[in-house]
Structure formats: structure tokens, C-alpha cells
$ cat input.pdb   # PDB, C-alpha atoms
MODEL        1
ATOM      1  CA  MET A   1     101.682 135.609  70.666
ATOM      2  CA  GLY A   2     105.057 136.644  69.358
ATOM      3  CA  ASN A   3     106.045 133.061  68.614
ATOM      4  CA  ALA A   4     106.558 133.715  64.889
ATOM      5  CA  LEU A   5     108.809 136.688  65.618
ATOM      6  CA  ASN A   6     110.697 134.724  68.260
ATOM      7  CA  HIS A   7     111.111 131.813  65.830
ATOM      8  CA  TYR A   8     112.517 134.247  63.257
ATOM      9  CA  LEU A   9     114.886 136.025  65.664
ATOM     10  CA  LYS A  10     116.018 132.975  67.682
ATOM     11  CA  PRO A  11     115.438 129.853  65.570
ATOM     12  CA  ASP A  12     118.040 127.835  67.483
ATOM     13  CA  VAL A  13     116.245 128.142  70.841
ATOM     14  CA  THR A  14     112.623 128.151  69.680
ATOM     15  CA  PRO A  15     111.121 124.663  69.337
ATOM     16  CA  GLY A  16     108.796 124.072  66.417
ATOM     17  CA  PRO A  17     105.164 123.062  66.831
ATOM     18  CA  ASP A  18     105.808 119.371  66.121
ATOM     19  CA  VAL A  19     109.176 118.915  67.841
ATOM     20  CA  VAL A  20     109.567 116.055  70.297
ATOM     21  CA  PRO A  21     110.942 117.309  73.639
ATOM     22  CA  SER A  22     114.712 116.920  73.710
ATOM     23  CA  PHE A  23     115.168 117.063  77.486
ATOM     24  CA  ASP A  24     114.396 114.562  80.216
ATOM     25  CA  PRO A  25     110.782 115.080  81.332
ATOM     26  CA  MET A  26     111.871 114.598  84.958
ATOM     27  CA  LEU A  27     114.550 117.314  84.791
ATOM     28  CA  GLY A  28     113.815 119.690  87.655
ATOM     29  CA  PHE A  29     110.977 117.601  89.113
ATOM     30  CA  ALA A  30     111.036 115.373  92.185
ATOM     31  CA  SER A  31     108.050 113.389  90.946
ATOM     32  CA  ARG A  32     105.824 113.823  87.942
ATOM     33  CA  LYS A  33     102.920 111.714  86.707
ATOM     34  CA  GLU A  34     102.946 110.557  83.117
ATOM     35  CA  ARG A  35      99.816 111.396  81.161
ATOM     36  CA  VAL A  36      97.812 108.402  80.013
ATOM     37  CA  MET A  37      94.939 108.074  77.591
ATOM     38  CA  ILE A  38      91.767 106.959  79.342
ATOM     39  CA  ALA A  39      89.716 106.284  76.210
ATOM     40  CA  THR A  40      90.873 103.250  74.257
ATOM     41  CA  GLU A  41      91.524 103.216  70.529
ATOM     42  CA  GLU A  42      88.541 100.910  69.980
ATOM     43  CA  GLU A  43      86.194 103.308  71.782
ATOM     44  CA  MET A  44      87.446 106.249  69.733
ATOM     45  CA  VAL A  45      87.110 104.331  66.454
ATOM     46  CA  SER A  46      83.605 103.113  67.288
ATOM     47  CA  ALA A  47      82.573 106.684  68.222
ATOM     48  CA  LYS A  48      84.035 107.918  64.902
ATOM     49  CA  LEU A  49      86.213 110.546  66.520
ATOM     50  CA  THR A  50      88.329 112.495  64.079
ATOM     51  CA  PRO A  51      92.117 112.447  64.578
ATOM     52  CA  LYS A  52      91.912 116.004  65.918
ATOM     53  CA  GLU A  53      89.519 114.847  68.659
ATOM     54  CA  ARG A  54      91.664 111.882  69.767
ATOM     55  CA  ASP A  55      93.517 113.631  72.559
ATOM     56  CA  TYR A  56      93.754 113.289  76.333
ATOM     57  CA  CYS A  57      90.182 114.615  76.675
ATOM     58  CA  ALA A  58      88.581 112.032  74.377
ATOM     59  CA  HIS A  59      86.911 110.224  77.291
ATOM     60  CA  LYS A  60      85.124 113.431  78.299
ATOM     61  CA  LEU A  61      84.062 114.056  74.708
ATOM     62  CA  LEU A  62      82.634 110.520  74.543
ATOM     63  CA  ALA A  63      80.677 111.162  77.751
ATOM     64  CA  TYR A  64      79.382 114.455  76.376
ATOM     65  CA  ARG A  65      78.300 112.959  73.061
ATOM     66  CA  GLY A  66      76.668 110.029  74.864
ATOM     67  CA  CYS A  67      74.723 112.434  77.041
ATOM     68  CA  ARG A  68      73.618 114.423  73.993
ATOM     69  CA  ALA A  69      72.393 111.261  72.292
ATOM     70  CA  GLU A  70      70.591 110.113  75.431
ATOM     71  CA  LYS A  71      68.940 113.431  76.326
ATOM     72  CA  PHE A  72      68.099 114.666  72.819
ATOM     73  CA  PRO A  73      66.268 117.048  72.191
ATOM     74  CA  PHE A  74      66.923 118.385  75.695
ATOM     75  CA  VAL A  75      70.669 118.751  75.194
ATOM     76  CA  TYR A  76      70.824 121.647  77.650
ATOM     77  CA  GLN A  77      70.756 118.958  80.340
ATOM     78  CA  CYS A  78      74.290 117.983  79.287
ATOM     79  CA  ALA A  79      75.789 121.303  80.356
ATOM     80  CA  HIS A  80      77.877 119.616  83.060
ATOM     81  CA  GLU A  81      79.464 117.164  80.610
ATOM     82  CA  LYS A  82      80.099 119.972  78.137
ATOM     83  CA  HIS A  83      81.746 122.053  80.846
ATOM     84  CA  ASP A  84      83.916 119.081  81.893
ATOM     85  CA  TYR A  85      85.042 118.535  78.300
ATOM     86  CA  LEU A  86      85.806 122.198  77.614
ATOM     87  CA  THR A  87      87.659 122.514  80.926
ATOM     88  CA  CYS A  88      89.745 119.463  80.045
ATOM     89  CA  GLU A  89      90.553 120.932  76.621
ATOM     90  CA  TYR A  90      91.598 124.228  78.219
ATOM     91  CA  GLU A  91      93.793 122.507  80.819
ATOM     92  CA  ASP A  92      95.383 120.401  78.057
ATOM     93  CA  TYR A  93      96.110 123.571  76.084
ATOM     94  CA  VAL A  94      97.684 125.248  79.113
ATOM     95  CA  LEU A  95      99.799 122.172  79.814
ATOM     96  CA  ARG A  96     101.042 122.036  76.201
ATOM     97  CA  MET A  97     101.842 125.763  76.388
ATOM     98  CA  LYS A  98     103.823 125.213  79.599
ATOM     99  CA  GLU A  99     105.707 122.294  78.029
ATOM    100  CA  PHE A 100     106.589 124.475  75.025
ATOM    101  CA  GLU A 101     107.837 127.253  77.294
ATOM    102  CA  ARG A 102     109.813 124.756  79.389
ATOM    103  CA  GLU A 103     111.494 123.369  76.264
ATOM    104  CA  ARG A 104     112.303 126.880  75.035
ATOM    105  CA  ARG A 105     113.820 127.919  78.363
ATOM    106  CA  LEU A 106     115.859 124.723  78.614
ATOM    107  CA  LEU A 107     117.187 125.282  75.080
ATOM    108  CA  GLU A 108     118.203 128.825  76.032
ATOM    109  CA  ARG A 109     119.852 127.515  79.203
ATOM    110  CA  GLN A 110     121.758 124.868  77.252
ATOM    111  CA  LYS A 111     122.925 127.458  74.727
ATOM    112  CA  ARG A 112     124.075 129.763  77.531
ATOM    113  CA  LEU A 113     125.950 126.922  79.314
ATOM    114  CA  ASP A 114     127.596 125.805  76.053
ATOM    115  CA  LYS A 115     128.739 129.369  75.447
ATOM    116  CA  GLN A 116     130.254 129.619  78.962
ATOM    117  CA  GLY A 117     132.178 126.402  78.922
TER     118      GLY A 117
ENDMDL
END
$ encode --input "input.pdb" --output "C-alpha cells"
Amino acid sequence: MGNALNHYLKPDVTPGPDVVPSFDPMLGFASRKERVMIATEEEMVSAKLTPKERDYCAHKLLAYRGCRAEKFPFVYQCAHEKHDYLTCEYEDYVLRMKEFERERRLLERQKRLDKQG
């Protein structure tokens, strides 16, 4: 919301959608866990996951699809797995949004500090 306008007005402090973070991930944190993929590449290939589905929630998607295959035609019994997967996707989205905002604020801070001294 407003990202296109912000990218137009302040292109030097607005990171693009595919930009690698330019600041230390530990900057401002005492301790921070690195995110790791739980599902292996072989599992994702054998399950025929599309590249869009190969994210940090792939293990939950595999569990959900396995449940659907096992319980078919009573797929309503997999509501818990579906909820887990959708919750993971939402939390991943929120985390990516926070990382984007953190990068934007750090770029603004760096620009302000460069201007001062």
C-alpha cells in the first residue's frame, strides 16, 4: 500500500522487491535465529512442488497434501493441516514485510547520517 508511490518519490531509500538486504542481519539484535528450510530439495522435487511453493512453509504444505491424499474424499478432516500451512504462509508474509520495512528504514537512516557528516 503506497509502495509504488514511495518508490517513485524516494527511489534511493526504497528497496526493490528482489533486492538482497544490504545491512547486517544482526544489526540492532542481541540474538536472532537464522531461518532454515525444513523440507529438503529431494522431498520438494518428488512432491512436484512448483517454484512458487518452495518456501519456508513447504514442509507444512507437504503434510497438508499428504493428509489430503490419505483422507480423500473426506478432505475436511485435514482442516488442522490446512490451518497450519496457511498460518505459516501468513507469518512468512508478515516477516518478509517487516524485513522490507527494516531495510527501508535503515536506508533512510544511512542517508540521513551521510547527509549530517
$ residues_around --input "input.pdb" --residues "Arg102 of chain A" --least-positions-apart "5" --cutoff "10 Å" --atoms "only C-alpha atoms" --output "list in words"
Pro21, Phe23, Pro25, Arg96, Met97, Leu107 and Glu108 of chain A
$ write_last_selection --input "input.pdb" --atoms "C-alpha atoms" --output "tab-separated table (two decimals), in the frame of the given file"
chain	number	residue	atom	x	y	z
A	21	PRO	CA	110.94	117.31	73.64
A	23	PHE	CA	115.17	117.06	77.49
A	25	PRO	CA	110.78	115.08	81.33
A	96	ARG	CA	101.04	122.04	76.20
A	97	MET	CA	101.84	125.76	76.39
A	107	LEU	CA	117.19	125.28	75.08
A	108	GLU	CA	118.20	128.82	76.03
$ atom_distance --input "input.pdb" --atom1 "atom CA of Glu81 of chain A" --atom2 "atom CA of Ala63 of chain A"
6.8 Å
$ residues_near_point --input "input.pdb" --point "(77.6, 107.2, 69.4)" --cutoff "8 Å" --atoms "only C-alpha atoms" --output "mmCIF file with C-alpha atoms, in the coordinates of the input"
data_model
loop_
_atom_site.group_PDB
_atom_site.id
_atom_site.type_symbol
_atom_site.label_atom_id
_atom_site.label_comp_id
_atom_site.auth_asym_id
_atom_site.auth_seq_id
_atom_site.Cartn_x
_atom_site.Cartn_y
_atom_site.Cartn_z
ATOM 1 C CA SER A 46 83.605 103.113 67.288
ATOM 2 C CA ALA A 47 82.573 106.684 68.222
ATOM 3 C CA LYS A 48 84.035 107.918 64.902
ATOM 4 C CA LEU A 62 82.634 110.520 74.543
ATOM 5 C CA ARG A 65 78.300 112.959 73.061
ATOM 6 C CA GLY A 66 76.668 110.029 74.864
ATOM 7 C CA ALA A 69 72.393 111.261 72.292
#
$ closest_residue --input "input.pdb" --among "A:Phe100, A:Phe74, A:Tyr64, A:Tyr56" --to "Thr40 of chain A" --atoms "all atoms listed in the file"
A:Tyr56
$ closest_atom_pairs --input "input.pdb" --of "segment 15-112 of chain A" --to "segment 3-7 of chain A" --cutoff "12 Å" --atoms "all atoms listed in the file" --output "tab-separated table"
residue	atom	partner	partner_atom	distance
A:Pro15	CA	A:His7	CA	8.0
A:Gly16	CA	A:His7	CA	8.1
A:Pro17	CA	A:Asn3	CA	10.2
A:Met97	CA	A:Asn3	CA	11.5
A:Phe100	CA	A:Asn3	CA	10.7
A:Glu101	CA	A:Asn3	CA	10.6
A:Arg104	CA	A:Asn6	CA	10.5
$ closest_residue --input "input.pdb" --among "A:Glu99, A:Lys71, A:Gly28, A:His59" --to "Tyr85 of chain A" --atoms "all atoms listed in the file"
A:His59
$ closest_residue --input "input.pdb" --among "A:Cys67, A:Asp12, A:Met37, A:Pro73" --to "Arg54 of chain A" --atoms "all atoms listed in the file"
A:Met37
$ axis_aligned_box --input "input.pdb" --around "segment 68-85 of chain A" --padding-each-side "3 Å" --output "AutoDock Vina command-line options"
--center_x 75.7 --center_y 116.1 --center_z 77.6 --size_x 24.8 --size_y 17.9 --size_z 16.9
$ atom_distance --input "input.pdb" --atom1 "atom CA of Tyr93 of chain A" --atom2 "atom CA of Glu42 of chain A"
24.7 Å
$ atom_distance --input "input.pdb" --atom1 "atom CA of Leu106 of chain A" --atom2 "atom CA of Asp24 of chain A"
10.4 Å
$ residues_around --input "input.pdb" --residues "Leu61 of chain A" --least-positions-apart "5" --cutoff "12 Å" --atoms "all atoms listed in the file" --output "ChimeraX atom specification"
/A:38-39,43-44,47-50,52-56,66-68,78,80-89
$ write_last_selection --input "input.pdb" --atoms "C-alpha atoms" --output "PDB file, in the frame of the given file"
ATOM      1  CA  ILE A  38      91.767 106.959  79.342  1.00  0.00           C
ATOM      2  CA  ALA A  39      89.716 106.284  76.210  1.00  0.00           C
ATOM      3  CA  GLU A  43      86.194 103.308  71.782  1.00  0.00           C
ATOM      4  CA  MET A  44      87.446 106.249  69.733  1.00  0.00           C
ATOM      5  CA  ALA A  47      82.573 106.684  68.222  1.00  0.00           C
ATOM      6  CA  LYS A  48      84.035 107.918  64.902  1.00  0.00           C
ATOM      7  CA  LEU A  49      86.213 110.546  66.520  1.00  0.00           C
ATOM      8  CA  THR A  50      88.329 112.495  64.079  1.00  0.00           C
ATOM      9  CA  LYS A  52      91.912 116.004  65.918  1.00  0.00           C
ATOM     10  CA  GLU A  53      89.519 114.847  68.659  1.00  0.00           C
ATOM     11  CA  ARG A  54      91.664 111.882  69.767  1.00  0.00           C
ATOM     12  CA  ASP A  55      93.517 113.631  72.559  1.00  0.00           C
ATOM     13  CA  TYR A  56      93.754 113.289  76.333  1.00  0.00           C
ATOM     14  CA  GLY A  66      76.668 110.029  74.864  1.00  0.00           C
ATOM     15  CA  CYS A  67      74.723 112.434  77.041  1.00  0.00           C
ATOM     16  CA  ARG A  68      73.618 114.423  73.993  1.00  0.00           C
ATOM     17  CA  CYS A  78      74.290 117.983  79.287  1.00  0.00           C
ATOM     18  CA  HIS A  80      77.877 119.616  83.060  1.00  0.00           C
ATOM     19  CA  GLU A  81      79.464 117.164  80.610  1.00  0.00           C
ATOM     20  CA  LYS A  82      80.099 119.972  78.137  1.00  0.00           C
ATOM     21  CA  HIS A  83      81.746 122.053  80.846  1.00  0.00           C
ATOM     22  CA  ASP A  84      83.916 119.081  81.893  1.00  0.00           C
ATOM     23  CA  TYR A  85      85.042 118.535  78.300  1.00  0.00           C
ATOM     24  CA  LEU A  86      85.806 122.198  77.614  1.00  0.00           C
ATOM     25  CA  THR A  87      87.659 122.514  80.926  1.00  0.00           C
ATOM     26  CA  CYS A  88      89.745 119.463  80.045  1.00  0.00           C
ATOM     27  CA  GLU A  89      90.553 120.932  76.621  1.00  0.00           C
TER      28      GLU A  89
END
$ closest_residue --input "input.pdb" --among "A:Lys111, A:Phe72, A:Glu91, A:Ser31" --to "Cys57 of chain A" --atoms "only C-alpha atoms"
A:Glu91
$ closest_residue --input "input.pdb" --among "A:Ala79, A:Ala30, A:Ala58, A:Lys115" --to "Val45 of chain A" --atoms "all atoms listed in the file"
A:Ala58
$ closest_residue --input "input.pdb" --among "A:Tyr90, A:Leu27, A:Tyr76, A:Val13" --to "Arg109 of chain A" --atoms "only C-alpha atoms"
A:Val13
$ build_atoms --input "input.pdb" --residues "segment 74-100 of chain A" --atoms "N, CA, C and O atoms" --output "mmCIF file, in the coordinates of the input"
data_model
loop_
_atom_site.group_PDB
_atom_site.id
_atom_site.type_symbol
_atom_site.label_atom_id
_atom_site.label_comp_id
_atom_site.auth_asym_id
_atom_site.auth_seq_id
_atom_site.Cartn_x
_atom_site.Cartn_y
_atom_site.Cartn_z
ATOM 1 N N PHE A 74 66.670 117.506 74.545
ATOM 2 C CA PHE A 74 66.923 118.385 75.695
ATOM 3 C C PHE A 74 68.420 118.402 76.020
ATOM 4 O O PHE A 74 68.837 118.057 77.124
ATOM 5 N N VAL A 75 69.211 118.810 75.043
ATOM 6 C CA VAL A 75 70.669 118.751 75.194
ATOM 7 C C VAL A 75 71.189 119.750 76.209
ATOM 8 O O VAL A 75 72.339 119.633 76.639
ATOM 9 N N TYR A 76 70.386 120.699 76.626
ATOM 10 C CA TYR A 76 70.824 121.647 77.650
ATOM 11 C C TYR A 76 71.080 120.926 78.970
ATOM 12 O O TYR A 76 71.777 121.440 79.838
ATOM 13 N N GLN A 77 70.539 119.730 79.119
ATOM 14 C CA GLN A 77 70.756 118.958 80.340
ATOM 15 C C GLN A 77 72.171 118.371 80.404
ATOM 16 O O GLN A 77 72.566 117.824 81.430
ATOM 17 N N CYS A 78 72.912 118.496 79.335
ATOM 18 C CA CYS A 78 74.290 117.983 79.287
ATOM 19 C C CYS A 78 75.310 119.097 79.520
ATOM 20 O O CYS A 78 76.470 118.956 79.133
ATOM 21 N N ALA A 79 74.889 120.171 80.145
ATOM 22 C CA ALA A 79 75.789 121.303 80.356
ATOM 23 C C ALA A 79 76.980 120.915 81.224
ATOM 24 O O ALA A 79 78.101 121.391 81.003
ATOM 25 N N HIS A 80 76.774 120.024 82.190
ATOM 26 C CA HIS A 80 77.877 119.616 83.060
ATOM 27 C C HIS A 80 78.945 118.854 82.273
ATOM 28 O O HIS A 80 80.140 119.104 82.431
ATOM 29 N N GLU A 81 78.513 117.929 81.421
ATOM 30 C CA GLU A 81 79.464 117.164 80.610
ATOM 31 C C GLU A 81 80.202 118.068 79.626
ATOM 32 O O GLU A 81 81.397 117.905 79.399
ATOM 33 N N LYS A 82 79.460 119.034 79.054
ATOM 34 C CA LYS A 82 80.099 119.972 78.137
ATOM 35 C C LYS A 82 81.148 120.806 78.863
ATOM 36 O O LYS A 82 82.252 121.013 78.359
ATOM 37 N N HIS A 83 80.810 121.262 80.056
ATOM 38 C CA HIS A 83 81.746 122.053 80.846
ATOM 39 C C HIS A 83 82.982 121.228 81.200
ATOM 40 O O HIS A 83 84.120 121.728 81.124
ATOM 41 N N ASP A 84 82.785 119.957 81.583
ATOM 42 C CA ASP A 84 83.916 119.081 81.893
ATOM 43 C C ASP A 84 84.834 118.924 80.688
ATOM 44 O O ASP A 84 86.063 118.997 80.811
ATOM 45 N N TYR A 85 84.244 118.720 79.513
ATOM 46 C CA TYR A 85 85.042 118.535 78.300
ATOM 47 C C TYR A 85 85.808 119.809 77.943
ATOM 48 O O TYR A 85 87.010 119.761 77.667
ATOM 49 N N LEU A 86 85.139 120.942 77.972
ATOM 50 C CA LEU A 86 85.806 122.198 77.614
ATOM 51 C C LEU A 86 86.882 122.577 78.635
ATOM 52 O O LEU A 86 87.927 123.120 78.261
ATOM 53 N N THR A 87 86.651 122.275 79.895
ATOM 54 C CA THR A 87 87.659 122.514 80.926
ATOM 55 C C THR A 87 88.882 121.629 80.693
ATOM 56 O O THR A 87 90.022 122.084 80.802
ATOM 57 N N CYS A 88 88.642 120.382 80.341
ATOM 58 C CA CYS A 88 89.745 119.463 80.045
ATOM 59 C C CYS A 88 90.544 119.959 78.849
ATOM 60 O O CYS A 88 91.779 119.930 78.866
ATOM 61 N N GLU A 89 89.861 120.409 77.805
ATOM 62 C CA GLU A 89 90.553 120.932 76.621
ATOM 63 C C GLU A 89 91.398 122.157 76.984
ATOM 64 O O GLU A 89 92.526 122.295 76.515
ATOM 65 N N TYR A 90 90.864 123.037 77.812
ATOM 66 C CA TYR A 90 91.598 124.228 78.219
ATOM 67 C C TYR A 90 92.828 123.850 79.035
ATOM 68 O O TYR A 90 93.923 124.371 78.804
ATOM 69 N N GLU A 91 92.658 122.925 79.997
ATOM 70 C CA GLU A 91 93.793 122.507 80.819
ATOM 71 C C GLU A 91 94.856 121.808 79.978
ATOM 72 O O GLU A 91 96.056 121.951 80.231
ATOM 73 N N ASP A 92 94.435 121.042 78.966
ATOM 74 C CA ASP A 92 95.383 120.401 78.057
ATOM 75 C C ASP A 92 96.153 121.453 77.268
ATOM 76 O O ASP A 92 97.368 121.346 77.088
ATOM 77 N N TYR A 93 95.466 122.481 76.811
ATOM 78 C CA TYR A 93 96.110 123.571 76.084
ATOM 79 C C TYR A 93 97.139 124.282 76.957
ATOM 80 O O TYR A 93 98.268 124.546 76.525
ATOM 81 N N VAL A 94 96.773 124.565 78.195
ATOM 82 C CA VAL A 94 97.684 125.248 79.113
ATOM 83 C C VAL A 94 98.904 124.370 79.385
ATOM 84 O O VAL A 94 100.040 124.850 79.397
ATOM 85 N N LEU A 95 98.685 123.076 79.562
ATOM 86 C CA LEU A 95 99.799 122.172 79.814
ATOM 87 C C LEU A 95 100.746 122.100 78.612
ATOM 88 O O LEU A 95 101.973 122.131 78.782
ATOM 89 N N ARG A 96 100.200 122.049 77.397
ATOM 90 C CA ARG A 96 101.042 122.036 76.201
ATOM 91 C C ARG A 96 101.811 123.356 76.064
ATOM 92 O O ARG A 96 102.979 123.365 75.658
ATOM 93 N N MET A 97 101.182 124.459 76.430
ATOM 94 C CA MET A 97 101.842 125.763 76.388
ATOM 95 C C MET A 97 102.998 125.803 77.401
ATOM 96 O O MET A 97 104.083 126.310 77.102
ATOM 97 N N LYS A 98 102.779 125.253 78.582
ATOM 98 C CA LYS A 98 103.823 125.213 79.599
ATOM 99 C C LYS A 98 104.981 124.321 79.159
ATOM 100 O O LYS A 98 106.151 124.639 79.401
ATOM 101 N N GLU A 99 104.655 123.191 78.521
ATOM 102 C CA GLU A 99 105.707 122.294 78.029
ATOM 103 C C GLU A 99 106.536 122.974 76.938
ATOM 104 O O GLU A 99 107.754 122.817 76.887
ATOM 105 N N PHE A 100 105.880 123.730 76.061
ATOM 106 C CA PHE A 100 106.589 124.475 75.025
ATOM 107 C C PHE A 100 107.529 125.494 75.655
ATOM 108 O O PHE A 100 108.693 125.607 75.277
#
